Structure formats: structure tokens, C-alpha cells
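Colleague: Below is target_8.tsv; it holds TSV, C-alpha atoms and all ligand atoms.
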```tsv
chain	number	residue	atom	x	y	z
A	232	MET	CA	45.17	59.48	25.90
A	233	ALA	CA	42.33	59.34	23.44
A	234	GLU	CA	38.78	59.52	24.71
A	235	VAL	CA	36.83	57.07	22.60
A	236	ASN	CA	34.91	54.49	24.53
A	237	LEU	CA	35.96	51.21	23.00
A	238	ASP	CA	33.42	49.24	25.01
A	239	LYS	CA	30.63	51.31	23.57
A	240	ILE	CA	31.93	50.81	20.04
A	241	PHE	CA	32.17	47.09	20.66
A	242	ALA	CA	28.58	47.08	21.91
A	243	SER	CA	27.35	48.82	18.77
A	244	PHE	CA	29.33	46.35	16.70
A	245	ILE	CA	27.54	43.47	18.45
A	246	LEU	CA	24.21	45.21	17.87
A	247	SER	CA	24.89	45.58	14.16
A	248	LEU	CA	25.40	41.81	13.94
A	249	GLU	CA	21.85	41.25	15.06
A	250	ASP	CA	20.49	42.71	11.84
A	251	VAL	CA	22.57	40.56	9.52
A	252	VAL	CA	20.44	38.59	7.06
A	253	ASP	CA	23.14	37.68	4.54
A	254	VAL	CA	26.80	36.71	5.05
A	255	SER	CA	27.94	39.31	2.55
A	256	GLU	CA	26.94	42.03	5.03
A	257	LEU	CA	29.72	40.87	7.31
A	258	THR	CA	32.38	42.27	4.95
A	259	GLN	CA	30.75	45.67	5.25
A	260	ILE	CA	30.65	45.49	9.04
A	261	GLU	CA	34.27	44.38	9.15
A	262	LYS	CA	35.26	47.39	7.06
A	263	GLU	CA	33.24	49.68	9.27
A	264	TYR	CA	34.91	48.53	12.49
A	265	LEU	CA	38.38	47.45	11.40
A	266	GLY	CA	39.00	48.99	7.98
A	267	LYS	CA	40.26	52.30	6.67
A	268	GLY	CA	38.27	55.22	8.04
A	269	SER	CA	37.02	53.17	11.01
A	270	VAL	CA	37.25	54.61	14.54
A	271	LEU	CA	39.96	52.05	15.13
A	272	SER	CA	42.13	53.26	12.28
A	273	GLU	CA	41.60	56.88	13.33
A	274	GLU	CA	42.64	56.06	16.87
A	275	ARG	CA	45.66	54.15	15.65
A	276	ALA	CA	46.74	57.19	13.67
A	277	LYS	CA	46.71	59.17	16.87
A	278	LEU	CA	49.15	56.80	18.56
A	279	ALA	CA	52.17	58.51	16.98
A	280	SER	CA	51.49	61.68	18.86
A	281	LEU	CA	51.25	60.03	22.27
A	282	SER	CA	53.95	59.62	24.88
A	283	ASN	CA	55.77	56.32	24.81
A	284	ASP	CA	53.94	55.10	27.86
A	285	ASP	CA	50.48	56.04	26.58
A	286	LYS	CA	51.35	54.69	23.16
A	287	LYS	CA	52.06	51.31	24.70
A	288	LYS	CA	48.95	51.26	26.87
A	289	TYR	CA	46.54	52.63	24.30
A	290	GLY	CA	48.10	50.57	21.52
A	291	ALA	CA	47.45	47.44	23.59
A	292	LEU	CA	43.81	48.46	24.15
A	293	LEU	CA	43.29	49.07	20.44
A	294	LYS	CA	44.89	45.76	19.59
A	295	ASP	CA	42.66	44.06	22.11
A	296	PHE	CA	39.61	45.69	20.58
A	297	ALA	CA	40.63	44.68	17.05
A	298	ASP	CA	41.23	41.09	18.17
A	299	LYS	CA	37.85	40.90	19.89
A	300	VAL	CA	36.05	42.24	16.81
A	301	SER	CA	37.88	39.83	14.46
A	302	LYS	CA	37.23	36.84	16.69
A	303	LYS	CA	33.57	37.67	17.07
A	304	LEU	CA	33.21	38.16	13.29
A	305	GLU	CA	34.84	34.82	12.71
A	306	SER	CA	32.64	32.84	15.13
A	307	PHE	CA	29.53	34.73	14.06
A	308	LYS	CA	30.20	33.78	10.46
A	309	VAL	CA	30.55	30.09	11.29
A	310	ASP	CA	27.35	30.02	13.38
A	311	PHE	CA	25.44	32.10	10.88
A	312	GLU	CA	26.32	29.85	7.96
A	313	LYS	CA	25.48	26.77	9.94
A	314	SER	CA	22.01	27.93	10.86
A	315	TYR	CA	21.51	29.53	7.44
A	316	PHE	CA	22.08	26.22	5.70
A	317	THR	CA	20.05	24.21	8.20
A	318	GLU	CA	17.14	26.57	7.72
A	319	LYS	CA	17.54	26.52	3.96
A	320	GLU	CA	17.66	22.75	3.93
A	321	LYS	CA	14.57	22.57	6.10
A	322	SER	CA	12.61	24.87	3.83
A	323	GLU	CA	13.77	23.21	0.61
A	324	ASN	CA	13.47	19.60	1.77
A	325	PRO	CA	10.45	19.49	4.01
A	326	ASP	CA	9.81	16.08	5.54
A	327	ILE	CA	6.68	15.27	3.57
A	328	SER	CA	6.03	12.15	5.60
A	329	LEU	CA	5.30	14.36	8.61
A	330	ASP	CA	1.69	15.19	9.04
A	331	TRP	CA	0.83	13.21	5.90
A	332	PHE	CA	-2.68	12.22	6.82
A	333	SER	CA	-3.80	15.40	8.49
A	334	LYS	CA	-3.37	17.40	5.28
A	335	LYS	CA	-6.72	17.74	3.63
A	336	GLY	CA	-7.03	15.83	0.39
A	337	THR	CA	-3.85	13.77	0.67
A	338	ARG	CA	-4.02	10.03	0.64
A	339	LYS	CA	-1.97	7.06	-0.42
A	340	HIS	CA	-2.41	5.77	-3.94
A	341	ILE	CA	-4.68	2.74	-4.18
A	342	LEU	CA	-1.80	0.57	-5.43
A	343	THR	CA	0.32	1.59	-2.44
A	344	ASN	CA	-2.55	0.71	-0.14
A	345	VAL	CA	-3.06	-2.68	-1.74
A	346	MET	CA	0.66	-3.45	-1.62
A	347	GLU	CA	0.83	-2.43	2.03
A	348	GLU	CA	-2.21	-4.53	2.84
A	349	VAL	CA	-0.74	-7.64	1.20
A	350	VAL	CA	2.60	-7.07	2.92
A	351	ASP	CA	0.78	-6.68	6.26
A	352	ILE	CA	-1.04	-9.99	5.78
A	353	PHE	CA	2.27	-11.79	5.23
A	354	ALA	CA	3.97	-9.80	7.99
A	355	SER	CA	1.35	-11.23	10.35
A	356	LEU	CA	2.69	-14.67	9.39
A	357	GLY	CA	6.26	-13.64	10.16
A	358	TYR	CA	7.43	-12.57	6.71
A	359	THR	CA	9.76	-9.59	6.31
A	360	VAL	CA	10.08	-7.26	3.33
A	361	ALA	CA	12.95	-7.46	0.85
A	362	HIS	CA	13.78	-5.20	-2.08
A	363	GLY	CA	15.88	-5.44	-5.22
A	364	PRO	CA	16.85	-3.18	-8.12
A	365	GLU	CA	14.53	-2.49	-11.05
A	366	ALA	CA	17.48	-2.38	-13.48
A	367	GLU	CA	18.69	-5.96	-13.29
A	368	THR	CA	21.05	-8.42	-14.89
A	369	SER	CA	19.62	-11.07	-17.21
A	370	TRP	CA	21.25	-13.57	-14.91
A	371	HIS	CA	19.13	-12.56	-11.91
A	372	ASN	CA	15.97	-12.19	-13.98
A	373	PHE	CA	16.28	-15.38	-16.04
A	374	ASP	CA	19.33	-17.65	-15.66
A	375	ALA	CA	19.31	-17.92	-11.87
A	376	LEU	CA	15.57	-18.57	-12.07
A	377	ASN	CA	16.17	-21.61	-14.24
A	378	THR	CA	14.78	-20.01	-17.40
A	379	PRO	CA	16.14	-21.79	-20.48
A	380	ASP	CA	17.81	-19.77	-23.25
A	381	TRP	CA	14.97	-20.46	-25.66
A	382	HIS	CA	12.22	-19.28	-23.30
A	383	PRO	CA	9.92	-16.74	-25.02
A	384	ALA	CA	9.99	-14.41	-21.99
A	385	ARG	CA	13.58	-13.64	-23.00
A	386	TYR	CA	12.56	-12.33	-26.42
A	387	GLU	CA	13.20	-8.67	-27.05
A	388	SER	CA	9.55	-8.42	-27.97
A	389	ASP	CA	8.68	-9.26	-24.33
A	390	THR	CA	11.51	-7.82	-22.27
A	391	LEU	CA	12.95	-4.31	-22.16
A	392	TYR	CA	16.72	-4.72	-22.41
A	393	LEU	CA	19.19	-2.04	-21.43
A	394	ASP	CA	22.01	-3.05	-23.77
A	395	LYS	CA	22.64	-4.67	-27.15
A	396	ASP	CA	24.15	-7.88	-25.79
A	397	LEU	CA	21.03	-8.44	-23.63
A	398	LYS	CA	23.00	-8.69	-20.39
A	399	ASN	CA	21.00	-6.04	-18.52
A	400	LEU	CA	17.29	-5.35	-18.47
A	401	LEU	CA	14.40	-3.82	-16.61
A	402	ARG	CA	13.23	-6.65	-14.39
A	403	THR	CA	10.16	-8.42	-15.73
A	404	GLN	CA	9.28	-9.98	-12.36
A	405	THR	CA	10.00	-9.43	-8.69
A	406	SER	CA	11.18	-13.06	-8.55
A	407	THR	CA	14.67	-11.54	-8.98
A	408	VAL	CA	14.52	-10.55	-5.31
A	409	GLN	CA	14.32	-14.25	-4.34
A	410	VAL	CA	17.67	-14.78	-5.96
A	411	ARG	CA	19.33	-11.71	-4.47
A	412	HIS	CA	17.95	-12.42	-1.03
A	413	MET	CA	19.07	-16.05	-1.01
A	414	GLN	CA	22.54	-15.08	-2.21
A	415	ASP	CA	22.88	-12.81	0.82
A	416	ASN	CA	21.04	-14.84	3.47
A	417	LYS	CA	21.02	-18.38	4.75
A	418	PRO	CA	17.74	-20.24	5.37
A	419	PRO	CA	15.26	-19.99	6.98
A	420	VAL	CA	13.84	-17.33	4.65
A	421	TYR	CA	10.38	-15.81	4.84
A	422	ILE	CA	10.16	-12.73	2.63
A	423	VAL	CA	7.78	-10.75	0.49
A	424	ALA	CA	9.15	-8.40	-2.17
A	425	PRO	CA	6.82	-5.72	-3.50
A	426	GLY	CA	7.92	-3.62	-6.44
A	427	ARG	CA	7.65	-2.33	-9.97
A	428	VAL	CA	8.23	-4.53	-13.01
A	429	TYR	CA	8.48	-3.84	-16.72
A	430	ARG	CA	7.43	-5.63	-19.87
A	431	SER	CA	7.34	-4.77	-23.52
A	432	ASP	CA	3.55	-4.78	-23.53
A	433	GLN	CA	1.07	-2.51	-25.25
A	434	LEU	CA	-1.36	-0.83	-22.91
A	435	ASP	CA	-4.75	-2.53	-22.94
A	436	ALA	CA	-7.45	-3.11	-20.35
A	437	THR	CA	-5.36	-5.57	-18.32
A	438	HIS	CA	-1.74	-4.93	-19.45
A	439	SER	CA	0.62	-2.06	-18.86
A	440	PRO	CA	4.34	-1.87	-19.70
A	441	VAL	CA	4.94	-0.94	-16.06
A	442	PHE	CA	3.08	-2.63	-13.26
A	443	HIS	CA	3.55	-3.99	-9.75
A	444	GLN	CA	4.09	-7.41	-8.28
A	445	ILE	CA	4.63	-8.94	-4.90
A	446	GLU	CA	6.91	-11.92	-4.74
A	447	GLY	CA	6.90	-14.30	-1.80
A	448	LEU	CA	9.47	-16.87	-0.75
A	449	ALA	CA	9.55	-19.31	2.15
A	450	VAL	CA	12.52	-21.61	2.68
A	451	ASP	CA	12.74	-23.72	5.80
A	452	ASP	CA	13.28	-27.27	6.99
A	453	GLY	CA	10.59	-29.63	5.74
A	454	ILE	CA	8.44	-27.08	3.89
A	455	THR	CA	5.91	-28.82	1.66
A	456	PHE	CA	3.21	-28.03	-0.88
A	457	SER	CA	0.66	-28.16	1.98
A	458	ASP	CA	2.37	-25.20	3.60
A	459	LEU	CA	2.14	-23.34	0.30
A	460	LYS	CA	-1.57	-24.12	0.00
A	461	GLY	CA	-2.34	-23.19	3.58
A	462	THR	CA	-0.43	-19.94	3.37
A	463	LEU	CA	-2.03	-18.81	0.11
A	464	GLU	CA	-5.51	-19.85	1.21
A	465	TYR	CA	-5.05	-17.77	4.35
A	466	PHE	CA	-3.89	-14.84	2.22
A	467	VAL	CA	-6.87	-15.07	-0.16
A	468	LYS	CA	-9.37	-15.15	2.72
A	469	GLU	CA	-7.71	-12.23	4.47
A	470	PHE	CA	-7.62	-10.16	1.28
A	471	PHE	CA	-10.88	-11.05	-0.48
A	472	GLY	CA	-13.00	-12.27	2.42
A	473	LYS	CA	-13.80	-15.48	4.26
A	474	ASN	CA	-16.32	-16.74	1.71
A	475	VAL	CA	-13.98	-16.72	-1.24
A	476	GLN	CA	-12.80	-20.20	-2.27
A	477	THR	CA	-9.44	-21.02	-3.82
A	478	LYS	CA	-8.50	-23.58	-6.40
A	479	PHE	CA	-4.98	-24.67	-7.36
A	480	ILE	CA	-4.52	-25.82	-10.93
A	481	PRO	CA	-1.28	-27.17	-12.47
A	482	HIS	CA	0.79	-24.71	-14.45
A	483	PHE	CA	4.37	-24.25	-15.57
A	484	PHE	CA	6.97	-21.78	-14.31
A	485	PRO	CA	10.67	-22.38	-14.92
A	486	PHE	CA	11.61	-21.63	-11.32
A	487	THR	CA	9.12	-23.88	-9.54
A	488	GLU	CA	8.37	-27.59	-9.73
A	489	PRO	CA	5.56	-28.43	-9.33
A	490	SER	CA	3.94	-25.11	-10.24
A	491	ALA	CA	0.36	-23.96	-9.90
A	492	GLU	CA	-1.96	-21.10	-10.58
A	493	VAL	CA	-4.35	-20.02	-7.88
A	494	LEU	CA	-7.90	-19.20	-8.88
A	495	VAL	CA	-10.50	-17.58	-6.66
A	496	SER	CA	-14.25	-18.13	-6.75
A	497	TRP	CA	-15.99	-15.06	-8.08
A	498	LYS	CA	-19.50	-13.87	-8.68
A	499	ASP	CA	-21.65	-16.05	-10.96
A	500	GLY	CA	-19.54	-19.11	-10.16
A	501	GLU	CA	-16.62	-17.80	-12.20
A	502	TRP	CA	-13.04	-18.78	-11.25
A	503	LEU	CA	-10.44	-16.06	-11.72
A	504	GLU	CA	-6.67	-16.51	-11.77
A	505	ILE	CA	-4.84	-14.33	-9.26
A	506	LEU	CA	-1.32	-15.63	-8.83
A	507	GLY	CA	1.39	-18.11	-9.76
A	508	CYS	CA	3.22	-20.30	-7.27
A	509	GLY	CA	5.08	-23.52	-6.70
A	510	MET	CA	7.82	-25.39	-4.89
A	511	VAL	CA	11.18	-23.76	-5.65
A	512	ASP	CA	13.02	-25.75	-8.31
A	513	PRO	CA	16.23	-27.39	-6.96
A	514	ASN	CA	18.13	-25.72	-9.83
A	515	VAL	CA	17.29	-22.33	-8.34
A	516	PHE	CA	18.68	-23.40	-4.98
A	517	GLN	CA	21.78	-24.65	-6.73
A	518	ASN	CA	22.21	-21.30	-8.51
A	519	VAL	CA	22.23	-19.45	-5.20
A	520	GLU	CA	24.49	-22.08	-3.64
A	521	TYR	CA	22.00	-23.46	-1.15
A	522	PRO	CA	22.39	-27.11	-0.06
A	523	SER	CA	20.77	-29.61	-2.43
A	524	THR	CA	18.37	-30.77	0.31
A	525	THR	CA	16.79	-27.30	0.63
A	526	GLN	CA	13.00	-27.01	0.34
A	527	GLY	CA	10.76	-24.01	-0.08
A	528	PHE	CA	7.89	-22.43	-1.93
A	529	ALA	CA	7.44	-19.21	-3.88
A	530	PHE	CA	4.62	-17.18	-5.33
A	531	GLY	CA	4.11	-14.03	-7.35
A	532	VAL	CA	1.03	-11.88	-7.44
A	533	GLY	CA	0.11	-8.88	-9.60
A	534	VAL	CA	-0.92	-5.87	-7.53
A	535	GLU	CA	-3.02	-4.20	-10.24
A	536	ARG	CA	-4.88	-7.46	-10.78
A	537	LEU	CA	-5.73	-7.76	-7.08
A	538	ALA	CA	-6.98	-4.17	-6.97
A	539	MET	CA	-8.97	-4.50	-10.21
A	540	LEU	CA	-10.74	-7.60	-8.95
A	541	ARG	CA	-11.49	-6.33	-5.49
A	542	TYR	CA	-12.77	-2.93	-6.58
A	543	GLY	CA	-14.24	-3.86	-9.95
A	544	ILE	CA	-11.89	-1.59	-11.91
A	545	ASP	CA	-12.26	-2.25	-15.62
A	546	HIS	CA	-9.13	-0.64	-17.11
A	547	ILE	CA	-5.57	-0.73	-15.80
A	548	LYS	CA	-4.85	2.78	-17.08
A	549	ASN	CA	-7.02	4.18	-14.29
A	550	PHE	CA	-4.18	3.55	-11.85
A	551	TYR	CA	-1.71	5.72	-13.69
A	552	GLU	CA	-3.71	8.64	-15.05
A	553	ASN	CA	-3.84	10.53	-11.76
A	554	ASP	CA	-7.46	11.46	-12.27
A	555	LEU	CA	-8.64	12.57	-8.85
A	556	ARG	CA	-12.18	11.47	-9.61
A	557	PHE	CA	-10.78	7.93	-9.70
A	558	LEU	CA	-8.14	8.18	-6.98
A	559	GLU	CA	-10.42	9.80	-4.42
A	560	GLN	CA	-12.74	6.81	-4.43
A	561	PHE	CA	-10.22	4.77	-2.46
B	1	LIG	N1	7.23	-14.40	-11.74
B	1	LIG	C1	5.95	-14.89	-12.18
B	1	LIG	C2	5.35	-13.92	-13.19
B	1	LIG	O1	5.81	-12.81	-13.28
B	1	LIG	C3	5.02	-15.07	-11.03
B	1	LIG	C4	5.42	-16.23	-10.19
B	1	LIG	C5	4.94	-17.49	-10.46
B	1	LIG	C6	6.32	-16.05	-9.14
B	1	LIG	C7	5.31	-18.57	-9.72
B	1	LIG	C8	6.70	-17.16	-8.39
B	1	LIG	C9	6.18	-18.42	-8.70
B	1	LIG	O2	7.57	-17.06	-7.38
B	1	LIG	O3	6.57	-19.45	-7.94
B	1	LIG	O4	4.45	-14.27	-13.88
```
Represent the structure from my file as C-alpha cells, please.

Modeller:
Amino acid sequence: MAEVNLDKIFASFILSLEDVVDVSELTQIEKEYLGKGSVLSEERAKLASLSNDDKKKYGALLKDFADKVSKKLESFKVDFEKSYFTEKEKSENPDISLDWFSKKGTRKHILTNVMEEVVDIFASLGYTVAHGPEAETSWHNFDALNTPDWHPARYESDTLYLDKDLKNLLRTQTSTVQVRHMQDNKPPVYIVAPGRVYRSDQLDATHSPVFHQIEGLAVDDGITFSDLKGTLEYFVKEFFGKNVQTKFIPHFFPFTEPSAEVLVSWKDGEWLEILGCGMVDPNVFQNVEYPSTTQGFAFGVGVERLAMLRYGIDHIKNFYENDLRFLEQF
């Protein structure tokens, strides 16, 4: 019988696995322990010269050894690849939301903060958050919102269309989320929809081709204009302070009837417009297949405008330039 200690060889094989840092090394190890020139192959070559009995016994031992090595290589490879990819994924996709605030110098953007604050105010009244796509159909952005074909907002000079037949566009208002939400949900509805909107505007002190809005929608039995007033007055006081007064003046929006603009009392007795609102037009309810008796109100507020007023920011471009001297003030 041969004298190699197969257990010892197996132990050294296991040890060599501990140093593996790359799967490709496993081919080398396999060769070393099972391939040509390995102790195993040398021992197998010796089998021919053994007695029949020894041949059988030793042959079985060698086969056992080879099986054990192959099996171990196989399972090691599976485990190794699993942990290799989990580690790789962890290092390449760190969860940046973890530990967000403790990292020196990191903070949320002022527009994110303002949006979250507005959403929180409405959340305290029972509203939930809804979202919709930024690339929209003209139907959701205009038709469903009762906007007539001739309405100037539809002009290519105002709206960024995504195709020649003007069927798809970048949404010009978050009011689209009203429509999508009502199509998918029955009343009662109490939602706010924060998000980005797009218009074919030149950048100036108060306009940007991309900006942010928060849409609100409340639909429930017996909702009236008083509910709208009370809700928005509450919002204004929570956001700007208890001493700020509100004034509702008549306005026109295709999707509400009656419609109003809300103004807030500012320094030097000035009144500044901050949002549009109104009772949802019955045509909108009809377009989303709500019963004709449905009542509700809606409003839309510009996030940049809120932030500019509250913090006295004089140019909208400040929000987008990523100048730390600006961003770090908030
Ligand atoms: N979508 C309007 C805009 O972008 C804002 C608005 C006005 C939304 C009145 C409303 C509303 O829901 O009722 O100017």
C-alpha cells in the first residue's frame, strides 16, 4: 500500500482555500490537488502495481479523496461568489441615506426642506403624498384638467413637448397627479403631490424652465369653499407665521370653478400672490369618472416662490447653481 497521508493532503487543501481572494485561483488549486502531476494522480499511477485487494481498497480511498476535494471546491465556489458579490454590491452601492446627518457638511437642499415642511403641514391635517410621472400625456396635463384646445398654456412656446403630434410632454404642473390619483382611487381623497415641473421659460429672476410645485386635492362629502379657505389659511400661518394675513381674490383656472389666488400680507403692507386654488370643476370629475355629485377643492403652490419669499432670495437661479456659500445658509 502507498504511504501518503490523504487526510494531511486534504487538510492542506482546505488551508489553501483560506487564502483565495479571486475565483480564478480555484482552477489552480483544483489542478494542484486533482490534476496531472498532483499527488492524487501519482498515487493512482501506483495502483497498477498493487495486489488486487490493495488496488481495490486504495483505489476506493483515492476516489473518496477526489470526491471530497471536488465537492468542497464546488461548495466553496458557490459561497465565495455569493459573498464576493454581496461585498462588491455593498461597496459600490452604499446606502447613502444611512448616517446622512452625522456626516459633516451634508444637509438637505433648501427646496427639499421647504417641500418636506409643506408636506408635513398637510400631513398633520391627514393628507397623504401622491406622485406622478414627469413625462406625461397631454391628456393628463391638459384635457383631463378641462383645458380647452385653444388655451395658450398648450402652445409650443409655453410647453415642452416630447413628440411632433403634441401627445406627450414634460408636465407643466403637478395638477396631473390629481387626475392620476382620482383615476386609481375612490373618494374620499386627501393628497398632496410635490414634484418637478417644466415650462418653456427663459431663466430670469423669478422663472426657471424647471421648478417645483406642490399640488393639493381634497375630495369628500359636502366639501365647500369654506373648507378650502380654512385649510389654506391654516397652511399659510403654519408656514409663514401666525401674524401673516391671507386674502383670496377671484382668478381663472380651467380645472377649478370658482378659482382664486391666495395673497399673503407682506412687509410694507404689500400683498403677494403665493398660490392658485379653487373648487374642482365638475368636468374634471367627469373626466376621471367620479359621480356628478362629487365635491372637492384643489390648490397648487410653487416651491421656489415659497422659499424666495420666506428667506428673501432675490434670484431663482440661486437654487440650482450649487454654490455652497448659498446652500450652507439654510
Ligand atoms: N396648476 C396651476 C399652475 O401651475 C396651479 C393651480 C391652480 C393648481 C389652481 C390647482 C388649482 O389645483 O386649483 O399654475

Colleague: Check every protein, DNA and RNA residue against ligand LIG 1 (chain B), keep those with an atom at most 9 Å away (counting only C-alpha atoms and all ligand atoms), and present them as an NGL selection string.

Modeller: :A and (403-407 or 409 or 428 or 444-448 or 482-488 or 490-492 or 506-511 or 528-533)

Colleague: Which residues are near range 309-318 of chain A? Cut-off 12 Å, only C-alpha atoms, ignore same chain within fewer than 5 positions. Put them as an MDAnalysis selection string.

Modeller: chainID A and resid 248:257 302:304 323:325

Colleague: I'd like the contact shell of Glu263 in chain A - 12 Å cut-off, only C-alpha atoms, skipping same-chain residues fewer than 2 positions apart - returned as an NGL selection string.

Modeller: :A and (240-241 or 243-244 or 247 or 256-261 or 265-273 or 297 or 300)

Colleague: When you count all atoms listed in the file, which of these residues is closest to Ala375 in chain A: A:Val519, A:Leu555, A:Leu293, A:Val345?

Modeller: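 Checking each candidate against Ala375 in chain A, we get A:Val519 as the closest.
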
Colleague: May I ask which of the residues A:Asp499, A:Phe307, A:Phe471, A:Asp394 is the closest one to Tyr542 in chain A, counting all atoms listed in the file?

Modeller: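 Checking each of A:Asp499, A:Phe307, A:Phe471, A:Asp394 against Tyr542 in chain A, counting all atoms listed in the file, the winner is A:Phe471.
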
Colleague: Can you work out which one of A:Asp452, A:Glu501, A:Asp285, A:Asp432 has the shortest atom-to-atom distance to Ser388 in chain A, counting all atoms listed in the file?

Modeller: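 So, comparing all the options, the nearest one is A:Asp432.
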
Colleague: Counting all atoms listed in the file, which of A:Phe296, A:Thr455, A:Asp415, A:Asp389 gets nearest to Lys239 in chain A?

Modeller: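 For Lys239 in chain A, the nearest of the candidates is A:Phe296.
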
Colleague: Point out the residue among A:Thr524, A:Gln560, A:Thr359, A:Ser280 with the least atom-to-atom distance to Tyr421 in chain A, counting only C-alpha atoms.

Modeller: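 Ranking A:Thr524, A:Gln560, A:Thr359, A:Ser280 by distance to Tyr421 in chain A, first place goes to A:Thr359.
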